[in-house]
$ cat start_23.txt   # compact mmCIF, C-alpha atoms
# COMPACT_ATOMS: atom_id res chain seq x y z
CA MET A 1 17.49 18.17 -9.87
CA PRO A 2 18.89 15.35 -12.05
CA ILE A 3 16.48 14.16 -14.76
CA LEU A 4 16.21 10.67 -16.23
CA ASP A 5 14.29 10.72 -19.51
CA MET A 6 12.98 7.26 -20.45
CA SER A 7 12.64 8.30 -24.07
CA THR A 8 16.45 8.21 -24.24
CA CYS A 9 17.41 6.26 -21.09
CA SER A 10 16.77 2.52 -20.85
CA LEU A 11 14.96 0.99 -17.88
CA ARG A 12 18.13 -0.85 -16.85
CA GLU A 13 20.14 2.37 -16.91
CA LEU A 14 17.46 4.23 -14.94
CA ASN A 15 17.26 1.69 -12.15
CA ALA A 16 21.01 1.22 -11.98
CA THR A 17 21.53 4.97 -11.65
CA LEU A 18 18.96 5.32 -8.86
CA GLN A 19 20.19 2.23 -7.03
CA GLU A 20 23.72 3.63 -6.98
CA GLN A 21 22.57 6.64 -4.95
CA LYS A 22 23.37 5.49 -1.43
CA THR A 23 23.33 7.43 1.83
CA GLY A 24 25.60 10.45 1.58
CA THR A 25 24.96 11.33 -2.06
CA ASN A 26 24.41 14.98 -2.94
CA ASN A 27 21.85 14.00 -5.57
CA THR A 28 18.83 13.23 -3.40
CA GLU A 29 16.05 14.51 -5.67
CA TRP A 30 15.39 12.95 -9.07
CA GLU A 31 12.80 13.30 -11.80
CA VAL A 32 11.79 10.57 -14.25
CA LEU A 33 10.20 11.71 -17.51
CA HIS A 34 8.18 9.79 -20.10
CA PRO A 35 7.69 6.47 -18.27
CA ARG A 36 4.96 5.60 -20.81
CA GLY A 37 3.64 2.71 -18.76
CA SER A 38 7.02 1.03 -18.36
CA HIS A 39 7.26 -1.85 -15.90
CA ALA A 40 9.53 -2.00 -12.82
CA VAL A 41 10.34 1.70 -12.70
CA ALA A 42 12.38 2.82 -9.66
CA VAL A 43 12.63 -0.61 -8.04
CA GLY A 44 15.04 -1.73 -5.33
CA LEU A 45 15.99 1.75 -4.15
CA ASP A 46 18.00 1.77 -0.94
CA GLY A 47 18.57 5.30 0.27
CA PRO A 48 16.82 8.55 1.31
CA LEU A 49 16.02 9.72 -2.21
CA THR A 50 12.97 11.53 -3.56
CA VAL A 51 12.01 10.34 -7.04
CA THR A 52 9.16 11.96 -8.96
CA VAL A 53 7.82 9.94 -11.89
CA ARG A 54 6.01 12.20 -14.35
CA GLY A 55 3.40 9.90 -15.84
CA SER A 56 1.75 6.52 -15.39
CA THR A 57 3.68 3.32 -14.84
CA GLY A 58 3.18 -0.39 -15.54
CA TYR A 59 3.78 -3.42 -13.33
CA TYR A 60 5.77 -3.33 -10.06
CA CYS A 61 6.77 0.33 -9.88
CA ALA A 62 8.60 1.14 -6.62
CA GLY A 63 8.91 -2.51 -5.68
CA MET A 64 11.24 -3.48 -2.81
CA ASN A 65 11.60 0.16 -1.83
CA LYS A 66 13.75 1.02 1.17
CA GLU A 67 13.96 4.56 2.59
CA ALA A 68 13.13 6.37 -0.67
CA THR A 69 10.12 8.58 -1.32
CA ILE A 70 8.61 7.85 -4.74
CA LEU A 71 5.92 10.13 -6.15
CA ILE A 72 3.97 8.87 -9.17
CA ASP A 73 2.30 11.75 -11.01
CA GLY A 74 -0.19 9.45 -12.72
CA SER A 75 -1.58 5.97 -12.17
CA ALA A 76 0.25 2.72 -11.42
CA GLY A 77 -0.16 -0.80 -12.78
CA PRO A 78 -0.33 -4.07 -10.82
CA GLY A 79 1.98 -4.67 -7.88
CA VAL A 80 3.02 -1.09 -7.15
CA ALA A 81 5.20 -0.91 -4.00
CA GLU A 82 5.27 -4.70 -3.73
CA ASN A 83 7.41 -5.93 -0.82
CA MET A 84 8.47 -2.42 0.17
CA MET A 85 10.46 -2.25 3.39
CA SER A 86 10.34 1.44 4.33
CA GLY A 87 9.97 4.88 2.81
CA LYS A 88 6.87 6.28 1.13
CA VAL A 89 5.14 5.81 -2.22
CA VAL A 90 2.45 8.28 -3.29
CA ILE A 91 0.24 7.72 -6.35
CA GLU A 92 -1.70 10.74 -7.58
CA GLY A 93 -4.03 8.60 -9.67
CA ASP A 94 -5.34 5.04 -9.38
CA ALA A 95 -3.57 1.79 -8.52
CA SER A 96 -4.24 -1.53 -10.22
CA GLN A 97 -4.34 -4.98 -8.59
CA TYR A 98 -2.41 -6.03 -5.45
CA ALA A 99 -1.00 -2.63 -4.57
CA GLY A 100 1.39 -2.91 -1.65
CA ALA A 101 1.41 -6.71 -1.75
CA THR A 102 3.56 -8.34 0.95
CA GLY A 103 4.79 -4.93 2.06
CA ARG A 104 6.82 -5.12 5.29
CA GLY A 105 7.01 -1.43 6.18
CA GLY A 106 6.71 2.12 4.94
CA THR A 107 3.64 3.97 3.66
CA LEU A 108 1.71 3.63 0.40
CA VAL A 109 -0.75 6.42 -0.44
CA VAL A 110 -3.22 6.05 -3.32
CA LYS A 111 -5.05 9.31 -3.99
CA GLY A 112 -7.45 7.65 -6.41
CA ASN A 113 -8.93 4.14 -6.24
CA ALA A 114 -7.17 0.80 -5.77
CA SER A 115 -8.26 -2.37 -7.55
CA SER A 116 -8.63 -5.90 -6.21
CA ARG A 117 -6.37 -7.49 -3.57
CA CYS A 118 -4.98 -4.21 -2.31
CA GLY A 119 -2.62 -5.04 0.56
CA ILE A 120 -2.66 -8.79 -0.03
CA SER A 121 -0.43 -10.53 2.54
CA MET A 122 0.72 -7.19 3.96
CA LYS A 123 3.27 -7.63 6.72
CA GLY A 124 3.69 -4.20 8.30
CA ILE A 125 3.05 -1.67 5.54
CA ASP A 126 0.50 1.11 6.05
CA ILE A 127 -1.75 1.72 3.03
CA ILE A 128 -4.03 4.75 2.77
CA VAL A 129 -6.49 4.85 -0.14
CA HIS A 130 -8.42 8.07 -0.72
CA GLY A 131 -11.02 6.32 -2.87
CA ASN A 132 -12.37 2.77 -3.10
CA VAL A 133 -10.71 -0.65 -2.99
CA GLY A 134 -11.71 -3.77 -4.91
CA HIS A 135 -12.52 -7.30 -3.82
CA MET A 136 -10.28 -9.41 -1.57
CA SER A 137 -8.37 -6.41 -0.24
CA ALA A 138 -6.18 -7.20 2.77
CA PHE A 139 -6.44 -10.93 1.99
CA MET A 140 -4.22 -12.76 4.51
CA ALA A 141 -3.00 -9.43 5.89
CA GLN A 142 -0.67 -10.08 8.80
CA SER A 143 0.19 -6.66 10.24
CA GLY A 144 0.08 -2.99 9.35
CA SER A 145 -2.97 -0.90 8.48
CA LEU A 146 -5.27 -0.44 5.51
CA VAL A 147 -7.29 2.79 5.48
CA VAL A 148 -10.07 3.13 2.89
CA CYS A 149 -11.75 6.52 2.63
CA GLY A 150 -14.30 5.21 0.13
CA ASP A 151 -15.99 1.82 -0.21
CA ALA A 152 -14.58 -1.71 -0.06
CA GLY A 153 -15.52 -4.60 -2.36
CA ASP A 154 -16.33 -8.23 -1.60
CA ALA A 155 -14.44 -10.37 0.94
CA LEU A 156 -12.59 -7.60 2.74
CA GLY A 157 -9.92 -8.99 5.06
CA ASP A 158 -10.42 -12.62 4.11
CA SER A 159 -8.28 -14.85 6.36
CA LEU A 160 -6.44 -11.92 7.89
CA TYR A 161 -4.31 -12.03 11.02
CA GLU A 162 -3.58 -8.87 13.04
CA ALA A 163 -3.74 -6.02 10.53
CA HIS A 164 -5.97 -3.01 11.24
CA LEU A 165 -8.63 -2.24 8.63
CA PHE A 166 -10.44 1.11 8.66
CA VAL A 167 -13.22 1.88 6.17
CA LYS A 168 -15.18 5.11 5.91
CA GLY A 169 -17.71 3.96 3.32
CA SER A 170 -19.63 0.75 2.78
CA VAL A 171 -18.23 -2.78 2.73
CA LYS A 172 -19.83 -5.09 0.19
CA SER A 173 -18.96 -8.18 2.24
CA LEU A 174 -16.44 -9.40 4.80
CA GLY A 175 -14.14 -12.34 4.11
CA ALA A 176 -13.65 -15.44 6.22
CA ASP A 177 -12.79 -14.67 9.85
CA CYS A 178 -13.09 -10.89 9.38
CA ILE A 179 -15.48 -9.04 11.68
CA GLU A 180 -16.31 -5.47 12.63
CA LYS A 181 -14.60 -4.44 15.86
CA GLU A 182 -14.93 -1.70 18.44
CA MET A 183 -13.13 1.55 17.66
CA ARG A 184 -11.29 2.29 20.90
CA PRO A 185 -9.35 5.49 21.73
CA GLU A 186 -6.02 3.95 20.72
CA HIS A 187 -7.45 3.12 17.30
CA LEU A 188 -8.76 6.65 16.83
CA GLU A 189 -5.28 7.94 17.68
CA LEU A 190 -3.64 5.55 15.23
CA LEU A 191 -6.11 6.43 12.48
CA ALA A 192 -5.64 10.17 13.00
CA GLU A 193 -1.90 9.73 12.45
CA LEU A 194 -2.49 7.58 9.34
CA LEU A 195 -4.89 10.11 7.82
CA GLU A 196 -2.35 12.88 8.36
CA ARG A 197 0.46 10.79 6.90
CA GLY A 198 -1.75 9.86 3.96
CA GLU A 199 -2.53 13.52 3.19
CA VAL A 200 -6.26 12.93 3.66
CA THR A 201 -8.41 16.02 4.18
CA GLY A 202 -12.11 16.23 4.97
CA ALA A 203 -12.28 12.95 6.94
CA LYS A 204 -12.21 12.39 10.69
CA PRO A 205 -11.29 9.18 12.52
CA GLU A 206 -14.81 9.07 13.97
CA ASP A 207 -16.19 8.65 10.43
CA PHE A 208 -14.57 5.21 10.04
CA ARG A 209 -15.39 1.67 11.15
CA ARG A 210 -12.73 -0.82 12.20
CA TYR A 211 -12.44 -4.43 11.06
CA GLY A 212 -10.13 -7.18 12.20
CA SER A 213 -9.66 -10.89 12.74
CA ALA A 214 -12.13 -12.99 14.74
CA ARG A 215 -9.13 -15.28 15.39
CA GLN A 216 -11.07 -18.44 14.63
CA LEU A 217 -8.84 -19.67 11.80
CA TYR A 218 -5.42 -19.39 13.48
CA ASN A 219 -5.39 -23.16 14.03
CA PHE A 220 -7.17 -25.84 12.08
CA ASN A 221 -10.47 -26.89 13.57
CA ILE A 222 -12.72 -29.42 11.83
CA ASP A 223 -15.76 -27.42 12.95
CA ASN A 224 -14.58 -24.53 10.76
CA ILE A 225 -13.90 -26.63 7.64
CA ASP A 226 -16.42 -24.70 5.55
CA ALA A 227 -14.60 -21.44 6.22
CA TYR A 228 -11.20 -22.61 4.94
$ encode --input "start_23.txt" --output "structure tokens"
Amino acid sequence: MPILDMSTCSLRELNATLQEQKTGTNNTEWEVLHPRGSHAVAVGLDGPLTVTVRGSTGYYCAGMNKEATILIDGSAGPGVAENMMSGKVVIEGDASQYAGATGRGGTLVVKGNASSRCGISMKGIDIIVHGNVGHMSAFMAQSGSLVVCGDAGDALGDSLYEAHLFVKGSVKSLGADCIEKEMRPEHLELLAELLERGEVTGAKPEDFRRYGSARQLYNFNIDNIDAY
């Protein structure tokens, strides 16, 4: 397994090396040592690689990911997996603000807690959080799923569109146009697959509640002015 040691390798060299590994390379598994909270580690990858980062990272780790599997053996700073297209990002620790922001595909797994605005403006990504999420999570979420195995903070799903929100614990408050919805068989099936993909044990789909859009803010209506 090739090793990139950030105590001797610059961030530019690290990302350039990983980005050069396109489909067909024999070097598909990589290890990154001593990230020491560096920003923008393993961004813009475009190929079926597996990259294990041994330590915690700063801003925007695994951003714009496509096809790669990125494992963070620590915690991640703000914007982890931002705008990812496909692939999988797994964080063994906690994630800071706006994890998975604007993500268009792929899977983000946070085995600890996620801070505020988790999944903001998500557009197809699936996010599974083993712990809690902070306030304004799934704000303006358009599609995809957010699974929270713990509790959710204030204004969950504020102004969301058609994303699926599943919460096992308590919700401090719901945001504008977000309501609790019936958990139908197709949602239980979807959630079971998400829990398996997110490596969640000890939780059943029946333990969760589902939230989604009331669809009252799709078009401007003067009667709803206080909700905008």
$ closest_atom_pairs --input "start_23.txt" --of "stretch 136-218 of chain A" --to "stretch 85-94 of chain A" --cutoff "10 Å" --atoms "all atoms listed in the file" --output "CSV"
residue,atom,partner,partner_atom,distance
A:Arg197,CA,A:Lys88,CA,9.7
A:Gly198,CA,A:Val90,CA,8.5
A:Glu199,CA,A:Val90,CA,9.7
$ atom_distance --input "start_23.txt" --atom1 "atom CA of A:Val51" --atom2 "atom CA of A:Ala68"
7.6 Å
$ atom_distance --input "start_23.txt" --atom1 "atom CA of A:Val53" --atom2 "atom CA of A:Ile72"
4.8 Å
$ residues_around --input "start_23.txt" --residues "A:Thr50" --least-positions-apart "2" --cutoff "9 Å" --atoms "only C-alpha atoms" --output "list in words"
Thr28, Glu29, Trp30, Glu31, Pro48, Thr52, Ala68, Thr69, Ile70 and Leu71 of chain A
$ closest_residue --input "start_23.txt" --among "A:Ala81, A:Ala163, A:Ala76, A:Val41" --to "A:Cys9" --atoms "all atoms listed in the file"
A:Val41
$ residues_around --input "start_23.txt" --residues "A:Ile125" --least-positions-apart "4" --cutoff "7 Å" --atoms "all atoms listed in the file" --output "PyMOL selection string"
chain A and resi 103-107+144-145
$ write_last_selection --input "start_23.txt" --atoms "C-alpha atoms" --output "tab-separated table (two decimals), keeping the file's coordinate frame"
chain	number	residue	atom	x	y	z
A	103	GLY	CA	4.79	-4.93	2.06
A	104	ARG	CA	6.82	-5.12	5.29
A	105	GLY	CA	7.01	-1.43	6.18
A	106	GLY	CA	6.71	2.12	4.94
A	107	THR	CA	3.64	3.97	3.66
A	144	GLY	CA	0.08	-2.99	9.35
A	145	SER	CA	-2.97	-0.90	8.48
$ atom_distance --input "start_23.txt" --atom1 "atom CA of A:Glu180" --atom2 "atom CA of A:Arg210"
5.9 Å
$ closest_residue --input "start_23.txt" --among "A:Glu189, A:Gly202, A:Cys149, A:Met140" --to "A:Tyr218" --atoms "all atoms listed in the file"
A:Met140
$ closest_residue --input "start_23.txt" --among "A:Lys168, A:Asn219, A:Leu49, A:Asp177" --to "A:Asp207" --atoms "all atoms listed in the file"
A:Lys168
$ closest_residue --input "start_23.txt" --among "A:Ser159, A:Tyr98, A:Tyr211, A:Val200" --to "A:Met183" --atoms "all atoms listed in the file"
A:Tyr211
$ closest_residue --input "start_23.txt" --among "A:Leu217, A:Ala192, A:Val109, A:Leu174" --to "A:Tyr161" --atoms "all atoms listed in the file"
A:Leu217
$ build_atoms --input "start_23.txt" --residues "stretch 178-189 of chain A" --atoms "all heavy atoms" --output "mmCIF file, in the frame of the given file"
data_model
loop_
_atom_site.group_PDB
_atom_site.id
_atom_site.type_symbol
_atom_site.label_atom_id
_atom_site.label_comp_id
_atom_site.auth_asym_id
_atom_site.auth_seq_id
_atom_site.Cartn_x
_atom_site.Cartn_y
_atom_site.Cartn_z
ATOM 1 N N CYS A 178 -13.187 -12.334 9.221
ATOM 2 C CA CYS A 178 -13.090 -10.890 9.380
ATOM 3 C C CYS A 178 -14.398 -10.369 9.970
ATOM 4 O O CYS A 178 -15.476 -10.713 9.482
ATOM 5 C CB CYS A 178 -12.809 -10.203 8.052
ATOM 6 S SG CYS A 178 -12.580 -8.403 8.175
ATOM 7 N N ILE A 179 -14.293 -9.568 11.017
ATOM 8 C CA ILE A 179 -15.480 -9.040 11.680
ATOM 9 C C ILE A 179 -15.290 -7.551 11.960
ATOM 10 O O ILE A 179 -14.173 -7.042 11.967
ATOM 11 C CB ILE A 179 -15.773 -9.762 13.009
ATOM 12 C CG1 ILE A 179 -14.587 -9.628 13.972
ATOM 13 C CG2 ILE A 179 -16.113 -11.238 12.771
ATOM 14 C CD1 ILE A 179 -14.839 -10.155 15.364
ATOM 15 N N GLU A 180 -16.405 -6.855 12.182
ATOM 16 C CA GLU A 180 -16.310 -5.470 12.630
ATOM 17 C C GLU A 180 -15.940 -5.453 14.101
ATOM 18 O O GLU A 180 -16.428 -6.270 14.893
ATOM 19 C CB GLU A 180 -17.619 -4.727 12.410
ATOM 20 C CG GLU A 180 -17.529 -3.251 12.775
ATOM 21 C CD GLU A 180 -18.738 -2.434 12.368
ATOM 22 O OE1 GLU A 180 -19.650 -3.000 11.730
ATOM 23 O OE2 GLU A 180 -18.763 -1.226 12.690
ATOM 24 N N LYS A 181 -15.075 -4.512 14.480
ATOM 25 C CA LYS A 181 -14.600 -4.440 15.860
ATOM 26 C C LYS A 181 -14.813 -3.031 16.427
ATOM 27 O O LYS A 181 -15.007 -2.064 15.691
ATOM 28 C CB LYS A 181 -13.114 -4.803 15.927
ATOM 29 C CG LYS A 181 -12.825 -6.275 15.630
ATOM 30 C CD LYS A 181 -11.416 -6.656 16.046
ATOM 31 C CE LYS A 181 -11.238 -8.168 16.095
ATOM 32 N NZ LYS A 181 -9.926 -8.554 16.641
ATOM 33 N N GLU A 182 -14.753 -2.967 17.748
ATOM 34 C CA GLU A 182 -14.930 -1.700 18.440
ATOM 35 C C GLU A 182 -13.781 -0.745 18.090
ATOM 36 O O GLU A 182 -12.625 -1.137 17.998
ATOM 37 C CB GLU A 182 -14.951 -1.939 19.945
ATOM 38 C CG GLU A 182 -15.051 -0.678 20.785
ATOM 39 C CD GLU A 182 -14.868 -0.948 22.263
ATOM 40 O OE1 GLU A 182 -14.567 -2.108 22.635
ATOM 41 O OE2 GLU A 182 -15.025 0.006 23.049
ATOM 42 N N MET A 183 -14.134 0.519 17.900
ATOM 43 C CA MET A 183 -13.130 1.550 17.660
ATOM 44 C C MET A 183 -12.795 2.202 19.006
ATOM 45 O O MET A 183 -13.531 3.037 19.520
ATOM 46 C CB MET A 183 -13.662 2.598 16.687
ATOM 47 C CG MET A 183 -12.654 3.661 16.322
ATOM 48 S SD MET A 183 -11.442 3.155 15.079
ATOM 49 C CE MET A 183 -12.314 3.587 13.582
ATOM 50 N N ARG A 184 -11.694 1.775 19.593
ATOM 51 C CA ARG A 184 -11.290 2.290 20.900
ATOM 52 C C ARG A 184 -10.405 3.537 20.742
ATOM 53 O O ARG A 184 -9.962 3.841 19.632
ATOM 54 C CB ARG A 184 -10.554 1.202 21.680
ATOM 55 C CG ARG A 184 -11.407 -0.043 21.964
ATOM 56 C CD ARG A 184 -10.772 -0.928 23.037
ATOM 57 N NE ARG A 184 -9.478 -1.433 22.641
ATOM 58 C CZ ARG A 184 -9.279 -2.585 21.995
ATOM 59 N NH1 ARG A 184 -10.310 -3.357 21.654
ATOM 60 N NH2 ARG A 184 -8.049 -2.976 21.677
ATOM 61 N N PRO A 185 -10.144 4.256 21.830
ATOM 62 C CA PRO A 185 -9.350 5.490 21.730
ATOM 63 C C PRO A 185 -7.992 5.292 21.062
ATOM 64 O O PRO A 185 -7.548 6.158 20.292
ATOM 65 C CB PRO A 185 -9.191 5.921 23.198
ATOM 66 C CG PRO A 185 -10.419 5.395 23.869
ATOM 67 C CD PRO A 185 -10.703 4.080 23.194
ATOM 68 N N GLU A 186 -7.326 4.165 21.340
ATOM 69 C CA GLU A 186 -6.020 3.950 20.720
ATOM 70 C C GLU A 186 -6.119 3.782 19.206
ATOM 71 O O GLU A 186 -5.192 4.125 18.459
ATOM 72 C CB GLU A 186 -5.307 2.743 21.347
ATOM 73 C CG GLU A 186 -6.012 1.410 21.153
ATOM 74 C CD GLU A 186 -6.907 1.034 22.323
ATOM 75 O OE1 GLU A 186 -7.438 1.963 22.968
ATOM 76 O OE2 GLU A 186 -7.070 -0.166 22.582
ATOM 77 N N HIS A 187 -7.259 3.270 18.734
ATOM 78 C CA HIS A 187 -7.450 3.120 17.300
ATOM 79 C C HIS A 187 -7.755 4.460 16.648
ATOM 80 O O HIS A 187 -7.304 4.739 15.532
ATOM 81 C CB HIS A 187 -8.574 2.126 17.018
ATOM 82 C CG HIS A 187 -8.341 0.781 17.628
ATOM 83 N ND1 HIS A 187 -9.208 0.209 18.525
ATOM 84 C CD2 HIS A 187 -7.299 -0.094 17.509
ATOM 85 C CE1 HIS A 187 -8.739 -0.957 18.913
ATOM 86 N NE2 HIS A 187 -7.582 -1.164 18.316
ATOM 87 N N LEU A 188 -8.508 5.309 17.333
ATOM 88 C CA LEU A 188 -8.760 6.650 16.830
ATOM 89 C C LEU A 188 -7.461 7.442 16.728
ATOM 90 O O LEU A 188 -7.233 8.177 15.757
ATOM 91 C CB LEU A 188 -9.751 7.382 17.746
ATOM 92 C CG LEU A 188 -11.184 6.839 17.760
ATOM 93 C CD1 LEU A 188 -11.981 7.502 18.879
ATOM 94 C CD2 LEU A 188 -11.868 7.050 16.418
ATOM 95 N N GLU A 189 -6.587 7.259 17.701
ATOM 96 C CA GLU A 189 -5.280 7.940 17.680
ATOM 97 C C GLU A 189 -4.427 7.435 16.520
ATOM 98 O O GLU A 189 -3.805 8.223 15.800
ATOM 99 C CB GLU A 189 -4.577 7.708 19.009
ATOM 100 C CG GLU A 189 -3.250 8.423 19.142
ATOM 101 C CD GLU A 189 -2.594 8.213 20.493
ATOM 102 O OE1 GLU A 189 -3.233 7.628 21.394
ATOM 103 O OE2 GLU A 189 -1.427 8.630 20.650
#
